[in-house]
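What follows is the content of coords28.pdb (PDB, C-alpha atoms and all ligand atoms).
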ATOM      1  CA  MET A   7      44.585   3.256  -7.887  1.00  0.00           C
ATOM      2  CA  LEU A   8      42.769   3.805  -4.642  1.00  0.00           C
ATOM      3  CA  LEU A   9      42.283   7.464  -3.776  1.00  0.00           C
ATOM      4  CA  VAL A  10      41.118   8.648  -0.369  1.00  0.00           C
ATOM      5  CA  PHE A  11      39.748  12.125   0.347  1.00  0.00           C
ATOM      6  CA  TYR A  12      39.116  12.684   4.036  1.00  0.00           C
ATOM      7  CA  GLY A  13      39.042  15.377   6.685  1.00  0.00           C
ATOM      8  CA  LYS A  14      36.766  17.933   8.250  1.00  0.00           C
ATOM      9  CA  GLY A  15      36.900  20.547   5.498  1.00  0.00           C
ATOM     10  CA  LYS A  16      34.479  20.894   2.607  1.00  0.00           C
ATOM     11  CA  GLY A  17      35.321  19.518  -0.823  1.00  0.00           C
ATOM     12  CA  LYS A  18      35.731  15.747  -0.542  1.00  0.00           C
ATOM     13  CA  THR A  19      32.555  14.641  -2.269  1.00  0.00           C
ATOM     14  CA  THR A  20      32.743  17.377  -4.878  1.00  0.00           C
ATOM     15  CA  ALA A  21      36.363  16.415  -5.648  1.00  0.00           C
ATOM     16  CA  ALA A  22      35.278  12.805  -6.109  1.00  0.00           C
ATOM     17  CA  TYR A  23      32.433  13.784  -8.461  1.00  0.00           C
ATOM     18  CA  GLY A  24      34.760  16.166 -10.272  1.00  0.00           C
ATOM     19  CA  THR A  25      37.089  13.258 -10.950  1.00  0.00           C
ATOM     20  CA  ALA A  26      34.117  11.184 -12.126  1.00  0.00           C
ATOM     21  CA  ILE A  27      33.323  13.926 -14.651  1.00  0.00           C
ATOM     22  CA  ARG A  28      36.952  13.989 -15.765  1.00  0.00           C
ATOM     23  CA  ALA A  29      36.871  10.211 -16.268  1.00  0.00           C
ATOM     24  CA  LEU A  30      33.581  10.406 -18.196  1.00  0.00           C
ATOM     25  CA  GLY A  31      35.223  13.012 -20.410  1.00  0.00           C
ATOM     26  CA  ARG A  32      37.767  10.359 -21.340  1.00  0.00           C
ATOM     27  CA  GLY A  33      35.043   7.909 -22.239  1.00  0.00           C
ATOM     28  CA  TRP A  34      35.427   5.744 -19.139  1.00  0.00           C
ATOM     29  CA  ARG A  35      32.557   3.814 -17.626  1.00  0.00           C
ATOM     30  CA  VAL A  36      31.933   5.074 -14.103  1.00  0.00           C
ATOM     31  CA  VAL A  37      29.989   3.839 -11.079  1.00  0.00           C
ATOM     32  CA  VAL A  38      29.076   6.213  -8.276  1.00  0.00           C
ATOM     33  CA  ALA A  39      27.774   4.926  -4.949  1.00  0.00           C
ATOM     34  CA  SER A  40      26.653   7.336  -2.275  1.00  0.00           C
ATOM     35  CA  PHE A  41      26.707   5.589   1.114  1.00  0.00           C
ATOM     36  CA  MET A  42      25.242   8.133   3.501  1.00  0.00           C
ATOM     37  CA  LYS A  43      23.167  10.488   1.421  1.00  0.00           C
ATOM     38  CA  SER A  44      19.532  10.327   0.402  1.00  0.00           C
ATOM     39  CA  GLY A  45      20.212  11.438  -3.149  1.00  0.00           C
ATOM     40  CA  ASP A  46      18.919  14.970  -2.750  1.00  0.00           C
ATOM     41  CA  SER A  47      21.980  16.631  -4.220  1.00  0.00           C
ATOM     42  CA  GLY A  48      22.712  18.427  -7.462  1.00  0.00           C
ATOM     43  CA  GLU A  49      25.495  16.112  -8.577  1.00  0.00           C
ATOM     44  CA  ILE A  50      23.278  13.032  -8.324  1.00  0.00           C
ATOM     45  CA  GLU A  51      20.450  14.805 -10.152  1.00  0.00           C
ATOM     46  CA  LEU A  52      22.884  15.721 -12.918  1.00  0.00           C
ATOM     47  CA  LEU A  53      24.520  12.318 -13.305  1.00  0.00           C
ATOM     48  CA  ARG A  54      21.101  10.665 -13.550  1.00  0.00           C
ATOM     49  CA  LYS A  55      20.180  12.957 -16.443  1.00  0.00           C
ATOM     50  CA  LEU A  56      23.375  12.474 -18.412  1.00  0.00           C
ATOM     51  CA  GLU A  57      23.308  10.092 -21.303  1.00  0.00           C
ATOM     52  CA  LEU A  58      26.783   8.879 -20.486  1.00  0.00           C
ATOM     53  CA  PRO A  59      28.174   5.583 -19.164  1.00  0.00           C
ATOM     54  CA  VAL A  60      27.617   6.335 -15.481  1.00  0.00           C
ATOM     55  CA  LYS A  61      25.582   4.313 -13.008  1.00  0.00           C
ATOM     56  CA  VAL A  62      24.444   5.934  -9.773  1.00  0.00           C
ATOM     57  CA  TYR A  63      23.556   4.082  -6.560  1.00  0.00           C
ATOM     58  CA  VAL A  64      22.047   5.925  -3.612  1.00  0.00           C
ATOM     59  CA  LEU A  65      22.509   3.785  -0.523  1.00  0.00           C
ATOM     60  CA  GLY A  66      21.795   6.363   2.147  1.00  0.00           C
ATOM     61  CA  THR A  67      18.554   7.098   3.910  1.00  0.00           C
ATOM     62  CA  ARG A  68      16.447  10.233   4.083  1.00  0.00           C
ATOM     63  CA  GLU A  69      16.933  10.397   7.805  1.00  0.00           C
ATOM     64  CA  PHE A  70      20.483  11.027   8.980  1.00  0.00           C
ATOM     65  CA  VAL A  71      22.072   8.135  10.885  1.00  0.00           C
ATOM     66  CA  LYS A  72      23.032   9.333  14.346  1.00  0.00           C
ATOM     67  CA  PRO A  73      26.434   8.002  15.407  1.00  0.00           C
ATOM     68  CA  GLY A  74      25.929   5.226  17.912  1.00  0.00           C
ATOM     69  CA  ASP A  75      22.219   4.791  17.132  1.00  0.00           C
ATOM     70  CA  TYR A  76      22.391   1.485  15.339  1.00  0.00           C
ATOM     71  CA  GLU A  77      18.970   0.380  16.427  1.00  0.00           C
ATOM     72  CA  GLY A  78      17.153   3.085  14.518  1.00  0.00           C
ATOM     73  CA  GLU A  79      15.461   2.366  11.227  1.00  0.00           C
ATOM     74  CA  ALA A  80      17.793   4.666   9.305  1.00  0.00           C
ATOM     75  CA  ALA A  81      20.859   2.729  10.456  1.00  0.00           C
ATOM     76  CA  SER A  82      19.497  -0.699   9.560  1.00  0.00           C
ATOM     77  CA  GLU A  83      18.207   0.506   6.196  1.00  0.00           C
ATOM     78  CA  ASN A  84      21.590   2.080   5.458  1.00  0.00           C
ATOM     79  CA  MET A  85      23.453  -1.065   6.516  1.00  0.00           C
ATOM     80  CA  ALA A  86      21.260  -3.318   4.408  1.00  0.00           C
ATOM     81  CA  LYS A  87      21.597  -1.162   1.288  1.00  0.00           C
ATOM     82  CA  ALA A  88      25.363  -0.827   1.685  1.00  0.00           C
ATOM     83  CA  TYR A  89      25.804  -4.547   2.263  1.00  0.00           C
ATOM     84  CA  ALA A  90      23.646  -5.507  -0.716  1.00  0.00           C
ATOM     85  CA  PHE A  91      25.591  -3.136  -2.949  1.00  0.00           C
ATOM     86  CA  LEU A  92      29.060  -4.245  -1.849  1.00  0.00           C
ATOM     87  CA  ARG A  93      28.292  -7.925  -1.653  1.00  0.00           C
ATOM     88  CA  TYR A  94      25.963  -8.483  -4.640  1.00  0.00           C
ATOM     89  CA  GLU A  95      25.562  -5.503  -6.944  1.00  0.00           C
ATOM     90  CA  LEU A  96      29.189  -4.395  -7.211  1.00  0.00           C
ATOM     91  CA  PRO A  97      30.641  -7.813  -8.134  1.00  0.00           C
ATOM     92  CA  LYS A  98      28.020  -8.048 -10.894  1.00  0.00           C
ATOM     93  CA  LEU A  99      28.905  -4.564 -12.143  1.00  0.00           C
ATOM     94  CA  MET A 100      32.618  -5.382 -12.131  1.00  0.00           C
ATOM     95  CA  ARG A 101      31.980  -8.499 -14.218  1.00  0.00           C
ATOM     96  CA  ASN A 102      29.442  -7.156 -16.698  1.00  0.00           C
ATOM     97  CA  TYR A 103      29.587  -3.359 -16.817  1.00  0.00           C
ATOM     98  CA  LYS A 104      33.362  -3.173 -16.199  1.00  0.00           C
ATOM     99  CA  PRO A 105      33.734   0.383 -14.879  1.00  0.00           C
ATOM    100  CA  LYS A 106      37.180   1.996 -14.839  1.00  0.00           C
ATOM    101  CA  LEU A 107      36.300   4.245 -11.920  1.00  0.00           C
ATOM    102  CA  VAL A 108      34.132   3.561  -8.892  1.00  0.00           C
ATOM    103  CA  VAL A 109      33.341   6.342  -6.426  1.00  0.00           C
ATOM    104  CA  PHE A 110      32.515   5.160  -2.909  1.00  0.00           C
ATOM    105  CA  ASP A 111      31.234   8.445  -1.530  1.00  0.00           C
ATOM    106  CA  GLU A 112      31.144   8.550   2.303  1.00  0.00           C
ATOM    107  CA  LEU A 113      32.244   4.924   2.573  1.00  0.00           C
ATOM    108  CA  GLY A 114      34.953   6.064   5.003  1.00  0.00           C
ATOM    109  CA  LEU A 115      32.307   7.515   7.288  1.00  0.00           C
ATOM    110  CA  ALA A 116      30.065   4.476   6.902  1.00  0.00           C
ATOM    111  CA  VAL A 117      32.923   2.240   8.062  1.00  0.00           C
ATOM    112  CA  HIS A 118      33.848   4.702  10.807  1.00  0.00           C
ATOM    113  CA  LEU A 119      30.256   4.557  12.083  1.00  0.00           C
ATOM    114  CA  ALA A 120      30.295   0.738  11.769  1.00  0.00           C
ATOM    115  CA  LEU A 121      27.429   0.799   9.248  1.00  0.00           C
ATOM    116  CA  VAL A 122      29.742  -1.067   6.913  1.00  0.00           C
ATOM    117  CA  ASP A 123      32.025  -3.768   8.235  1.00  0.00           C
ATOM    118  CA  GLU A 124      35.703  -2.895   7.907  1.00  0.00           C
ATOM    119  CA  GLY A 125      36.617  -6.348   6.576  1.00  0.00           C
ATOM    120  CA  THR A 126      34.018  -6.107   3.811  1.00  0.00           C
ATOM    121  CA  ALA A 127      35.259  -2.652   2.805  1.00  0.00           C
ATOM    122  CA  THR A 128      38.904  -3.748   2.754  1.00  0.00           C
ATOM    123  CA  ARG A 129      38.156  -6.812   0.651  1.00  0.00           C
ATOM    124  CA  VAL A 130      36.194  -4.770  -1.867  1.00  0.00           C
ATOM    125  CA  LEU A 131      38.807  -2.013  -2.120  1.00  0.00           C
ATOM    126  CA  LYS A 132      41.840  -4.294  -2.340  1.00  0.00           C
ATOM    127  CA  ARG A 133      41.377  -5.040  -6.039  1.00  0.00           C
ATOM    128  CA  PHE A 134      41.658  -1.335  -6.906  1.00  0.00           C
ATOM    129  CA  THR A 135      45.014  -0.710  -5.250  1.00  0.00           C
ATOM    130  CA  GLY A 136      48.073  -0.399  -7.439  1.00  0.00           C
ATOM    131  CA  ASP A 137      46.052  -1.056 -10.597  1.00  0.00           C
ATOM    132  CA  ARG A 138      46.638   1.164 -13.610  1.00  0.00           C
ATOM    133  CA  GLU A 139      43.347   0.318 -15.295  1.00  0.00           C
ATOM    134  CA  LEU A 140      40.882   0.287 -12.434  1.00  0.00           C
ATOM    135  CA  HIS A 141      40.402   3.060  -9.918  1.00  0.00           C
ATOM    136  CA  ALA A 142      38.360   3.874  -6.846  1.00  0.00           C
ATOM    137  CA  ILE A 143      37.767   6.937  -4.721  1.00  0.00           C
ATOM    138  CA  VAL A 144      36.711   6.737  -1.086  1.00  0.00           C
ATOM    139  CA  THR A 145      35.560   9.839   0.759  1.00  0.00           C
ATOM    140  CA  GLY A 146      34.495  10.564   4.302  1.00  0.00           C
ATOM    141  CA  ARG A 147      35.065  13.041   7.079  1.00  0.00           C
ATOM    142  CA  TYR A 148      36.659  10.121   8.925  1.00  0.00           C
ATOM    143  CA  VAL A 149      38.322   7.218   7.139  1.00  0.00           C
ATOM    144  CA  PRO A 150      39.692   4.312   9.216  1.00  0.00           C
ATOM    145  CA  ASN A 151      43.441   3.706   9.148  1.00  0.00           C
ATOM    146  CA  THR A 152      43.100   0.273   7.567  1.00  0.00           C
ATOM    147  CA  LEU A 153      41.612   1.924   4.469  1.00  0.00           C
ATOM    148  CA  LYS A 154      44.165   4.741   4.507  1.00  0.00           C
ATOM    149  CA  ASN A 155      47.003   2.216   4.720  1.00  0.00           C
ATOM    150  CA  MET A 156      45.800   0.574   1.502  1.00  0.00           C
ATOM    151  CA  ALA A 157      45.451   3.819  -0.452  1.00  0.00           C
ATOM    152  CA  ASP A 158      47.664   4.911  -3.336  1.00  0.00           C
ATOM    153  CA  LEU A 159      46.752   8.547  -2.733  1.00  0.00           C
ATOM    154  CA  ILE A 160      45.406  10.398   0.288  1.00  0.00           C
ATOM    155  CA  SER A 161      44.327  14.016   0.394  1.00  0.00           C
ATOM    156  CA  GLU A 162      43.247  15.610   3.625  1.00  0.00           C
ATOM    157  CA  VAL A 163      40.702  18.412   3.315  1.00  0.00           C
ATOM    158  CA  ARG A 164      41.081  20.803   6.221  1.00  0.00           C
ATOM    159  CA  GLU A 165      38.637  23.467   7.276  1.00  0.00           C
ATOM    160  CA  VAL A 166      40.216  26.897   7.307  1.00  0.00           C
ATOM    161  CA  LYS A 167      36.942  28.840   7.270  1.00  0.00           C
ATOM    162  CA  HIS A 168      33.367  27.731   6.600  1.00  0.00           C
ATOM    163  CA  TYR A 169      30.161  29.738   6.202  1.00  0.00           C
ATOM    164  CA  PHE A 170      28.165  27.161   8.178  1.00  0.00           C
ATOM    165  CA  ARG A 171      29.693  28.762  11.297  1.00  0.00           C
ATOM    166  CA  ARG A 172      27.756  31.914  10.373  1.00  0.00           C
ATOM    167  CA  GLY A 173      24.528  29.941   9.931  1.00  0.00           C
ATOM    168  CA  TYR A 174      24.635  29.177   6.211  1.00  0.00           C
ATOM    169  CA  ILE A 175      23.852  25.471   6.391  1.00  0.00           C
ATOM    170  CA  ASN A 176      23.408  23.053   3.516  1.00  0.00           C
ATOM    171  CA  VAL A 177      23.306  25.780   0.869  1.00  0.00           C
ATOM    172  CA  VAL A 178      21.593  24.584  -2.324  1.00  0.00           C
ATOM    173  CA  GLY A 179      23.992  24.574  -5.257  1.00  0.00           C
ATOM    174  CA  LEU A 180      27.053  24.762  -3.023  1.00  0.00           C
ATOM    175  CA  ASP A 181      26.536  22.003  -0.475  1.00  0.00           C
ATOM    176  CA  ARG A 182      23.852  19.883  -2.058  1.00  0.00           C
TER     177      ARG A 182
HETATM  178  P1  LIG A 201      31.150  18.555  -0.497  1.00  0.00           P
HETATM  179  O1  LIG A 201      30.035  17.543  -0.658  1.00  0.00           O
HETATM  180  O2  LIG A 201      30.631  19.952  -0.562  1.00  0.00           O
HETATM  181  O3  LIG A 201      32.326  18.284  -1.361  1.00  0.00           O
HETATM  182  P2  LIG A 201      32.359  17.203   1.731  1.00  0.00           P
HETATM  183  O4  LIG A 201      32.041  15.919   1.062  1.00  0.00           O
HETATM  184  O5  LIG A 201      33.816  17.520   1.904  1.00  0.00           O
HETATM  185  O6  LIG A 201      31.672  18.418   1.006  1.00  0.00           O
HETATM  186  P3  LIG A 201      30.998  16.260   4.108  1.00  0.00           P
HETATM  187  O7  LIG A 201      31.922  16.008   5.260  1.00  0.00           O
HETATM  188  O8  LIG A 201      30.496  15.132   3.339  1.00  0.00           O
HETATM  189  O9  LIG A 201      31.692  17.336   3.160  1.00  0.00           O
HETATM  190  O10 LIG A 201      29.808  17.172   4.645  1.00  0.00           O
HETATM  191  C1  LIG A 201      28.645  17.380   3.881  1.00  0.00           C
HETATM  192  C2  LIG A 201      28.265  18.846   3.839  1.00  0.00           C
HETATM  193  O11 LIG A 201      28.080  19.368   5.145  1.00  0.00           O
HETATM  194  C3  LIG A 201      29.302  19.734   3.163  1.00  0.00           C
HETATM  195  O12 LIG A 201      28.725  20.355   2.049  1.00  0.00           O
HETATM  196  C4  LIG A 201      29.727  20.756   4.195  1.00  0.00           C
HETATM  197  O13 LIG A 201      29.752  22.080   3.645  1.00  0.00           O
HETATM  198  C5  LIG A 201      28.682  20.664   5.273  1.00  0.00           C
HETATM  199  N1  LIG A 201      29.240  20.757   6.626  1.00  0.00           N
HETATM  200  C6  LIG A 201      30.444  20.375   7.041  1.00  0.00           C
HETATM  201  N2  LIG A 201      30.570  20.546   8.371  1.00  0.00           N
HETATM  202  C7  LIG A 201      29.386  21.028   8.802  1.00  0.00           C
HETATM  203  C8  LIG A 201      28.834  21.396  10.082  1.00  0.00           C
HETATM  204  N3  LIG A 201      29.545  21.258  11.187  1.00  0.00           N
HETATM  205  N4  LIG A 201      27.548  21.853  10.128  1.00  0.00           N
HETATM  206  C9  LIG A 201      26.830  21.964   9.014  1.00  0.00           C
HETATM  207  N5  LIG A 201      27.262  21.632   7.789  1.00  0.00           N
HETATM  208  C10 LIG A 201      28.536  21.169   7.688  1.00  0.00           C
HETATM  209 MG    MG A 202      30.957  14.310   1.486  1.00  0.00          MG
END
Structure translated into structure tokens:
Amino acid sequence: MLLVFYGKGKGKTTAAYGTAIRALGRGWRVVVASFMKSGDSGEIELLRKLELPVKVYVLGTREFVKPGDYEGEAASENMAKAYAFLRYELPKLMRNYKPKLVVFDELGLAVHLALVDEGTATRVLKRFTGDRELHAIVTGRYVPNTLKNMADLISEVREVKHYFRRGYINVVGLDR
């Protein structure tokens, strides 16, 4: 199944990692790829410490990619890492490691920002749709319609209230 969590509210990435934990609890092999983040977040720290069948790939850059700024170093580094993962690393993992769940965190946003080519993303995600044995989760504030159209499940996370509006930004333990 292909699951998509999108929208402007908080909870997409944490829902994806929560599902990864649920899957690990059932003994599944899991792959987690984080497309926009540098890896400075509690969930990545935790998964790296666990002696469980989970492989973590951090494909983001320390510097945030500014939308539209594709000439910056952050954008090209992000593009190169994402491409190498989708094109070379993932096919190898699918053949040899055989995960039952792959989390593509922020892939929706990466495609939205054109850091990842839409055709590449669609080709990669196609094999997960409608499959009972192999599942993927895609998150992102924005997820292009082509990816949404392929999904077996879509949840929109809507902001009703958020403490960042009162200045609490990137709170450790809650947001990262
Ligand atoms: P989480 O990782 O907590 O599940 P998310 O994946 O749904 O959240 P993203 O859209 O990836 O959220 O945003 C990353 C983080 O930025 C979130 O933790 C969120 O609380 C925070 N955030 C969202 N909107 C803003 C904003 N406008 N300014 C500052 N921080 C924000
Ligand atoms: Mg997120």
- Enumerate residues in contact with ligand LIG 201 (chain A): an atom-to-atom distance of at most 8 Å, counting all atoms listed in the file. Format the result as a PyMOL selection string. chain A and resi 12-22+111-112+145-147+163+168+170-171+175-177+180-182
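Each of A:Pro97, A:Gly74, A:Gly114, A:Pro105 was checked against ligand MG 202 (chain A) using all atoms listed in the file; the smallest atom-to-atom distance is that of A:Gly114.
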- Message: Neighbouring residues of Leu96 of chain A were defined as those with any atom within 12 Å, considering only C-alpha atoms; residues of the same chain fewer than 6 positions away were excluded. Please report them as a PyMOL selection string.
- Response: chain A and resi 37-39+61-63+87-90+102-105+108-110+127+130-131
- For ligand MG 202 (chain A), the closest of A:Glu57, A:Glu124, A:Ala80, A:Ala116 counting only C-alpha atoms and all ligand atoms is A:Ala116
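Between Arg133 of chain A and the residues A:Met156, A:Arg164, A:Leu53, A:Leu119, the shortest atom-to-atom distance, using only C-alpha atoms, involves A:Met156.
Atom CA of Asp158 of chain A is positioned 28.2 Å from atom CA of Ser47 of chain A.
Taking atom CA of His141 of chain A and atom CA of Leu107 of chain A as the two end points, the separation is 4.7 Å.
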- Message: One decimal, in Å: what's the spacing between atom CA of Glu49 of chain A and atom CA of Lys106 of chain A?
- Response: 19.4 Å
- Message: Using only C-alpha atoms for the distances, tell me which of A:Ala120, A:Val71, A:Ala81, A:Val144 is nearest to Ser40 of chain A.
- Response: A:Val144
- List, as a PyMOL selection string, every residue that the PyMOL selection byres (((chain A and resi 155) around 12) and not hetatm) selects in the file provided. chain A and resi 8-10+128+131-132+135+149-154+156-160
- Determine the nearest neighbour of ligand MG 202 (chain A) from the options A:Ile27, A:Leu113, A:Met7, A:Val166, counting only C-alpha atoms and all ligand atoms. A:Leu113
